[in-house]
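**Student:** Have a look at the structure that comes next, please.
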Amino acid sequence: MGRLRAAIDRHVPEDLARLLETVPEWFGQPQANAAYVEAARVKETWTVRDEGGTVVGVTLVDRHFPHVLDIHLIVVDRAAHGRGIGTAMLDAIEADARASGVVLLEVKTLGPSDPDPAYARTRRFYESRGFLPLEETNLWGEDDPCLIMVKPLCPRGGRVERVGEEYADG
């Protein structure tokens, strides 16, 4: 695969469904996968495409507040694992987030109290990209511990200014 280019893209629910099927150890719950495919119809979508234009990676993001970007989902075609596709998507999303004034990236993944080796790999990936574990909760239920991870995006000078008057104490 040549130089990877991640870019904001049109909605690609069919491509997302295809990619989810390639990695059942991460995305093996049909009901959850159906919800991801529906989310892909409306959420901000970033992709990496191969030389032929086929989507090989998808990231869905939410911008709940102007200062926070939530990574809803990242999936990479199994045949393309280890080629830097996830990294390319995160690099592009982070650059765009910084340019738009975002100061915090957030991602949720299966927490370390579940011994699943696939998700241990996922957590290592996010940690290698500068994400820090913040809290493990039972947001998804007792059987699926949710680890919230964050990555501060400090502007030049290393200081985050106030992000919104709606959060001011008075």
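Residues are named by chain letter and number: chains run A, B, ... in the order of the structure tokens, numbers start at 1 in each chain, and ligands are numbered from 1 in the order shown.
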Can you tell me, as a PDB file with C-alpha atoms, in the first residue's frame, what residues are no more than 9 Å from stretch 45-61 of chain A when counting only C-alpha atoms, ignoring any on the same chain fewer than 2 positions away?
**Tutor:**
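Everything below was put into around_24.pdb:
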```
ATOM      1  CA  MET A   1       0.000   0.000   0.000  1.00  0.00           C
ATOM      2  CA  GLY A   2       1.405   3.409  -0.970  1.00  0.00           C
ATOM      3  CA  LEU A   4      -1.800   6.444   3.386  1.00  0.00           C
ATOM      4  CA  ARG A   5      -4.241   9.310   3.281  1.00  0.00           C
ATOM      5  CA  ALA A   6      -7.083   9.588   5.754  1.00  0.00           C
ATOM      6  CA  ALA A   7      -9.809  12.071   4.973  1.00  0.00           C
ATOM      7  CA  ILE A   8     -13.262  13.107   6.023  1.00  0.00           C
ATOM      8  CA  ASP A   9     -15.589  11.244   3.699  1.00  0.00           C
ATOM      9  CA  ARG A  10     -19.196  10.667   2.768  1.00  0.00           C
ATOM     10  CA  HIS A  11     -21.175   8.229   4.880  1.00  0.00           C
ATOM     11  CA  VAL A  12     -20.091   4.652   4.119  1.00  0.00           C
ATOM     12  CA  ASP A  15     -18.218  -0.357   3.731  1.00  0.00           C
ATOM     13  CA  LEU A  16     -18.363  -0.228   7.522  1.00  0.00           C
ATOM     14  CA  LEU A  19     -15.059  -4.111   7.586  1.00  0.00           C
ATOM     15  CA  TYR A  36     -22.628   0.936  14.252  1.00  0.00           C
ATOM     16  CA  ALA A  39     -24.414   5.388  13.170  1.00  0.00           C
ATOM     17  CA  ALA A  40     -22.334   5.381   9.979  1.00  0.00           C
ATOM     18  CA  ARG A  41     -25.302   6.908   8.160  1.00  0.00           C
ATOM     19  CA  VAL A  42     -25.162  10.097  10.253  1.00  0.00           C
ATOM     20  CA  LYS A  43     -21.873  10.491  12.143  1.00  0.00           C
ATOM     21  CA  ARG A  63     -18.400  16.394  18.505  1.00  0.00           C
ATOM     22  CA  LEU A  69     -13.974  15.056  19.949  1.00  0.00           C
ATOM     23  CA  ASP A  70     -15.228  11.561  20.773  1.00  0.00           C
ATOM     24  CA  ILE A  71     -13.921   8.677  18.681  1.00  0.00           C
ATOM     25  CA  HIS A  72     -17.031   6.534  18.386  1.00  0.00           C
ATOM     26  CA  LEU A  73     -15.447   3.690  16.426  1.00  0.00           C
ATOM     27  CA  ILE A  74     -12.313   2.731  14.527  1.00  0.00           C
ATOM     28  CA  VAL A  75     -12.249  -0.356  12.339  1.00  0.00           C
ATOM     29  CA  VAL A  76      -9.580  -1.508   9.889  1.00  0.00           C
ATOM     30  CA  ASP A  77      -9.913  -4.370   7.421  1.00  0.00           C
ATOM     31  CA  ARG A  78      -8.102  -7.390   8.852  1.00  0.00           C
ATOM     32  CA  ALA A  79      -6.115  -7.780   5.623  1.00  0.00           C
ATOM     33  CA  ALA A  80      -4.725  -4.272   6.185  1.00  0.00           C
ATOM     34  CA  ILE A  85      -4.200   2.756   8.734  1.00  0.00           C
ATOM     35  CA  GLY A  86      -5.492   3.361  12.271  1.00  0.00           C
ATOM     36  CA  ALA A  88      -3.195   7.592   9.695  1.00  0.00           C
ATOM     37  CA  MET A  89      -6.836   8.106  10.647  1.00  0.00           C
ATOM     38  CA  LEU A  90      -5.981   9.272  14.169  1.00  0.00           C
ATOM     39  CA  ALA A  92      -5.680  13.242  10.394  1.00  0.00           C
ATOM     40  CA  ILE A  93      -8.496  13.497  12.933  1.00  0.00           C
TER      41      ILE A  93
END
```
**Student:** Please provide as a PyMOL selection string all residues within 12 Å of A:Arg121, with the sequence filter that same-chain residues fewer than 6 positions apart are discarded (counting only C-alpha atoms).
**Tutor:** chain A and resi 25-26+82+109-112+115+127-128
**Student:** Using DSSP on the backbone coordinates, identify all residues within chain A classified as strand (DSSP E or B); present the result as an MDAnalysis selection string.
**Tutor:** chainID A and resid 6:9 44:49 55:65 68:76 104:110 132:137 146:152
**Student:** Pick from A:Glu142, A:Val150, A:Thr87, A:Ala95: nearest to A:Phe125, with only C-alpha atoms counted?
**Tutor:**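 With only C-alpha atoms as the atom set, the closest residue is A:Thr87.
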**Student:** Env of A:Asn138: 12 Å cut, atoms = only C-alpha atoms, seq-sep filter 2 positions within chain, self excluded. Answer as JSON, numbers by chain.
**Tutor:** {"A": [108, 109, 110, 111, 113, 114, 135, 136, 140, 141, 142, 143, 144, 145, 146, 147, 148]}
**Student:** Using C-alpha atoms, can you write the selected residues to a file as an mmCIF file, in the first residue's frame?
**Tutor:**
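As written to disk, part-v1.cif reads:
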```cif
data_model
loop_
_atom_site.group_PDB
_atom_site.id
_atom_site.type_symbol
_atom_site.label_atom_id
_atom_site.label_comp_id
_atom_site.auth_asym_id
_atom_site.auth_seq_id
_atom_site.Cartn_x
_atom_site.Cartn_y
_atom_site.Cartn_z
ATOM 1 C CA LYS A 108 -14.274 4.338 24.950
ATOM 2 C CA THR A 109 -13.112 0.735 24.725
ATOM 3 C CA LEU A 110 -13.441 -2.507 26.655
ATOM 4 C CA GLY A 111 -11.711 -2.055 29.998
ATOM 5 C CA SER A 113 -10.929 -5.821 33.982
ATOM 6 C CA ASP A 114 -12.046 -7.942 30.999
ATOM 7 C CA GLU A 135 -11.994 5.743 34.264
ATOM 8 C CA GLU A 136 -13.414 2.252 33.972
ATOM 9 C CA TRP A 140 -22.200 -0.804 28.933
ATOM 10 C CA GLY A 141 -23.332 -3.154 31.719
ATOM 11 C CA GLU A 142 -21.662 -5.382 34.278
ATOM 12 C CA ASP A 143 -20.297 -7.820 31.676
ATOM 13 C CA ASP A 144 -18.709 -5.171 29.449
ATOM 14 C CA PRO A 145 -16.493 -2.787 31.435
ATOM 15 C CA CYS A 146 -16.083 0.520 29.607
ATOM 16 C CA LEU A 147 -12.686 2.192 29.782
ATOM 17 C CA ILE A 148 -12.784 5.909 29.023
#
```
**Student:** Looking only at alpha helix (DSSP H) from DSSP on the backbone, list the matching residues of chain A as an mmCIF file with N, CA and C atoms, in the first residue's frame.
**Tutor:**
```
data_model
loop_
_atom_site.group_PDB
_atom_site.id
_atom_site.type_symbol
_atom_site.label_atom_id
_atom_site.label_comp_id
_atom_site.auth_asym_id
_atom_site.auth_seq_id
_atom_site.Cartn_x
_atom_site.Cartn_y
_atom_site.Cartn_z
ATOM 1 N N PRO A 13 -21.909 3.377 5.215
ATOM 2 C CA PRO A 13 -22.392 2.286 6.062
ATOM 3 C C PRO A 13 -22.135 0.894 5.491
ATOM 4 N N GLU A 14 -22.233 0.734 4.175
ATOM 5 C CA GLU A 14 -22.007 -0.593 3.584
ATOM 6 C C GLU A 14 -20.544 -1.003 3.738
ATOM 7 N N ASP A 15 -19.636 -0.058 3.534
ATOM 8 C CA ASP A 15 -18.218 -0.357 3.731
ATOM 9 C C ASP A 15 -17.940 -0.690 5.191
ATOM 10 N N LEU A 16 -18.555 0.053 6.102
ATOM 11 C CA LEU A 16 -18.363 -0.228 7.522
ATOM 12 C C LEU A 16 -18.838 -1.639 7.850
ATOM 13 N N ALA A 17 -20.006 -2.029 7.367
ATOM 14 C CA ALA A 17 -20.522 -3.378 7.627
ATOM 15 C C ALA A 17 -19.536 -4.436 7.136
ATOM 16 N N ARG A 18 -18.975 -4.226 5.957
ATOM 17 C CA ARG A 18 -17.996 -5.175 5.399
ATOM 18 C C ARG A 18 -16.759 -5.264 6.286
ATOM 19 N N LEU A 19 -16.257 -4.115 6.743
ATOM 20 C CA LEU A 19 -15.059 -4.111 7.586
ATOM 21 C C LEU A 19 -15.317 -4.778 8.928
ATOM 22 N N LEU A 20 -16.481 -4.523 9.521
ATOM 23 C CA LEU A 20 -16.806 -5.138 10.813
ATOM 24 C C LEU A 20 -16.758 -6.660 10.724
ATOM 25 N N GLU A 21 -17.207 -7.206 9.608
ATOM 26 C CA GLU A 21 -17.214 -8.661 9.428
ATOM 27 C C GLU A 21 -15.810 -9.250 9.381
ATOM 28 N N THR A 22 -14.800 -8.451 9.050
ATOM 29 C CA THR A 22 -13.436 -8.978 8.943
ATOM 30 C C THR A 22 -12.763 -9.132 10.302
ATOM 31 N N PRO A 30 -23.930 -8.994 16.665
ATOM 32 C CA PRO A 30 -24.760 -8.501 15.560
ATOM 33 C C PRO A 30 -25.583 -7.249 15.907
ATOM 34 N N GLN A 31 -26.149 -7.204 17.096
ATOM 35 C CA GLN A 31 -26.965 -6.044 17.470
ATOM 36 C C GLN A 31 -26.104 -4.777 17.552
ATOM 37 N N ALA A 32 -24.922 -4.892 18.149
ATOM 38 C CA ALA A 32 -24.015 -3.743 18.233
ATOM 39 C C ALA A 32 -23.543 -3.335 16.838
ATOM 40 N N ASN A 33 -23.233 -4.323 15.997
ATOM 41 C CA ASN A 33 -22.781 -4.014 14.636
ATOM 42 C C ASN A 33 -23.861 -3.283 13.845
ATOM 43 N N ALA A 34 -25.114 -3.706 14.012
ATOM 44 C CA ALA A 34 -26.218 -3.022 13.328
ATOM 45 C C ALA A 34 -26.304 -1.570 13.785
ATOM 46 N N ALA A 35 -26.079 -1.325 15.069
ATOM 47 C CA ALA A 35 -26.102 0.051 15.587
ATOM 48 C C ALA A 35 -24.941 0.861 15.006
ATOM 49 N N TYR A 36 -23.766 0.235 14.865
ATOM 50 C CA TYR A 36 -22.628 0.936 14.252
ATOM 51 C C TYR A 36 -22.932 1.305 12.796
ATOM 52 N N VAL A 37 -23.547 0.382 12.069
ATOM 53 C CA VAL A 37 -23.880 0.649 10.667
ATOM 54 C C VAL A 37 -24.879 1.804 10.581
ATOM 55 N N GLU A 38 -25.860 1.823 11.467
ATOM 56 C CA GLU A 38 -26.813 2.947 11.485
ATOM 57 C C GLU A 38 -26.095 4.248 11.835
ATOM 58 N N ALA A 39 -25.177 4.190 12.791
ATOM 59 C CA ALA A 39 -24.414 5.388 13.170
ATOM 60 C C ALA A 39 -23.609 5.908 11.983
ATOM 61 N N ILE A 85 -2.922 2.147 9.109
ATOM 62 C CA ILE A 85 -4.200 2.756 8.734
ATOM 63 C C ILE A 85 -4.866 3.426 9.928
ATOM 64 N N GLY A 86 -4.921 2.743 11.071
ATOM 65 C CA GLY A 86 -5.492 3.361 12.271
ATOM 66 C C GLY A 86 -4.716 4.599 12.675
ATOM 67 N N THR A 87 -3.400 4.520 12.602
ATOM 68 C CA THR A 87 -2.552 5.672 12.933
ATOM 69 C C THR A 87 -2.804 6.824 11.970
ATOM 70 N N ALA A 88 -2.929 6.534 10.680
ATOM 71 C CA ALA A 88 -3.195 7.592 9.695
ATOM 72 C C ALA A 88 -4.521 8.279 9.986
ATOM 73 N N MET A 89 -5.542 7.495 10.341
ATOM 74 C CA MET A 89 -6.836 8.106 10.647
ATOM 75 C C MET A 89 -6.741 8.977 11.890
ATOM 76 N N LEU A 90 -6.105 8.463 12.951
ATOM 77 C CA LEU A 90 -5.981 9.272 14.169
ATOM 78 C C LEU A 90 -5.150 10.523 13.929
ATOM 79 N N ASP A 91 -4.071 10.425 13.157
ATOM 80 C CA ASP A 91 -3.258 11.615 12.849
ATOM 81 C C ASP A 91 -4.094 12.686 12.151
ATOM 82 N N ALA A 92 -4.865 12.282 11.145
ATOM 83 C CA ALA A 92 -5.680 13.242 10.394
ATOM 84 C C ALA A 92 -6.776 13.843 11.265
ATOM 85 N N ILE A 93 -7.424 13.017 12.055
ATOM 86 C CA ILE A 93 -8.496 13.497 12.933
ATOM 87 C C ILE A 93 -7.932 14.442 13.980
ATOM 88 N N GLU A 94 -6.790 14.088 14.551
ATOM 89 C CA GLU A 94 -6.167 14.950 15.557
ATOM 90 C C GLU A 94 -5.772 16.302 14.962
ATOM 91 N N ALA A 95 -5.203 16.302 13.773
ATOM 92 C CA ALA A 95 -4.825 17.572 13.131
ATOM 93 C C ALA A 95 -6.057 18.434 12.880
ATOM 94 N N ASP A 96 -7.123 17.822 12.399
ATOM 95 C CA ASP A 96 -8.361 18.554 12.158
ATOM 96 C C ASP A 96 -8.949 19.069 13.476
ATOM 97 N N ALA A 97 -8.895 18.247 14.508
ATOM 98 C CA ALA A 97 -9.424 18.642 15.814
ATOM 99 C C ALA A 97 -8.666 19.842 16.365
ATOM 100 N N ARG A 98 -7.344 19.778 16.312
ATOM 101 C CA ARG A 98 -6.529 20.910 16.787
ATOM 102 C C ARG A 98 -6.879 22.190 16.027
ATOM 103 N N ALA A 99 -7.006 22.069 14.708
ATOM 104 C CA ALA A 99 -7.297 23.238 13.875
ATOM 105 C C ALA A 99 -8.659 23.845 14.192
ATOM 106 N N PRO A 117 -7.859 -10.520 24.960
ATOM 107 C CA PRO A 117 -6.571 -10.120 24.385
ATOM 108 C C PRO A 117 -6.700 -9.151 23.206
ATOM 109 N N ALA A 118 -7.782 -9.224 22.440
ATOM 110 C CA ALA A 118 -7.963 -8.290 21.324
ATOM 111 C C ALA A 118 -8.090 -6.866 21.857
ATOM 112 N N TYR A 119 -8.821 -6.704 22.942
ATOM 113 C CA TYR A 119 -8.993 -5.356 23.492
ATOM 114 C C TYR A 119 -7.771 -4.890 24.269
ATOM 115 N N ALA A 120 -6.964 -5.817 24.772
ATOM 116 C CA ALA A 120 -5.676 -5.413 25.361
ATOM 117 C C ALA A 120 -4.828 -4.775 24.256
ATOM 118 N N ARG A 121 -4.884 -5.350 23.066
ATOM 119 C CA ARG A 121 -4.166 -4.792 21.908
ATOM 120 C C ARG A 121 -4.721 -3.407 21.551
ATOM 121 N N THR A 122 -6.044 -3.267 21.592
ATOM 122 C CA THR A 122 -6.671 -1.968 21.312
ATOM 123 C C THR A 122 -6.200 -0.918 22.301
ATOM 124 N N ARG A 123 -6.185 -1.261 23.580
ATOM 125 C CA ARG A 123 -5.743 -0.294 24.602
ATOM 126 C C ARG A 123 -4.282 0.090 24.392
ATOM 127 N N ARG A 124 -3.440 -0.878 24.047
ATOM 128 C CA ARG A 124 -2.030 -0.567 23.773
ATOM 129 C C ARG A 124 -1.903 0.385 22.588
ATOM 130 N N PHE A 125 -2.726 0.193 21.572
ATOM 131 C CA PHE A 125 -2.709 1.095 20.417
ATOM 132 C C PHE A 125 -3.035 2.516 20.861
ATOM 133 N N TYR A 126 -4.117 2.682 21.589
ATOM 134 C CA TYR A 126 -4.492 4.033 22.029
ATOM 135 C C TYR A 126 -3.422 4.632 22.943
ATOM 136 N N GLU A 127 -2.872 3.830 23.838
ATOM 137 C CA GLU A 127 -1.806 4.337 24.719
ATOM 138 C C GLU A 127 -0.597 4.778 23.896
ATOM 139 N N SER A 128 -0.268 4.026 22.844
ATOM 140 C CA SER A 128 0.877 4.394 21.999
ATOM 141 C C SER A 128 0.632 5.706 21.261
#
```
**Student:** Work out how far apart atom CA of A:Arg3 and atom CA of A:Leu132 are and give it in Å to one decimal.
**Tutor:** 28.5 Å
**Student:** Distance atom CA of A:His67-atom CA of A:Leu104, one decimal place?
**Tutor:**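 Computed distance, atom CA of A:His67 to atom CA of A:Leu104, equals 6.4 Å.
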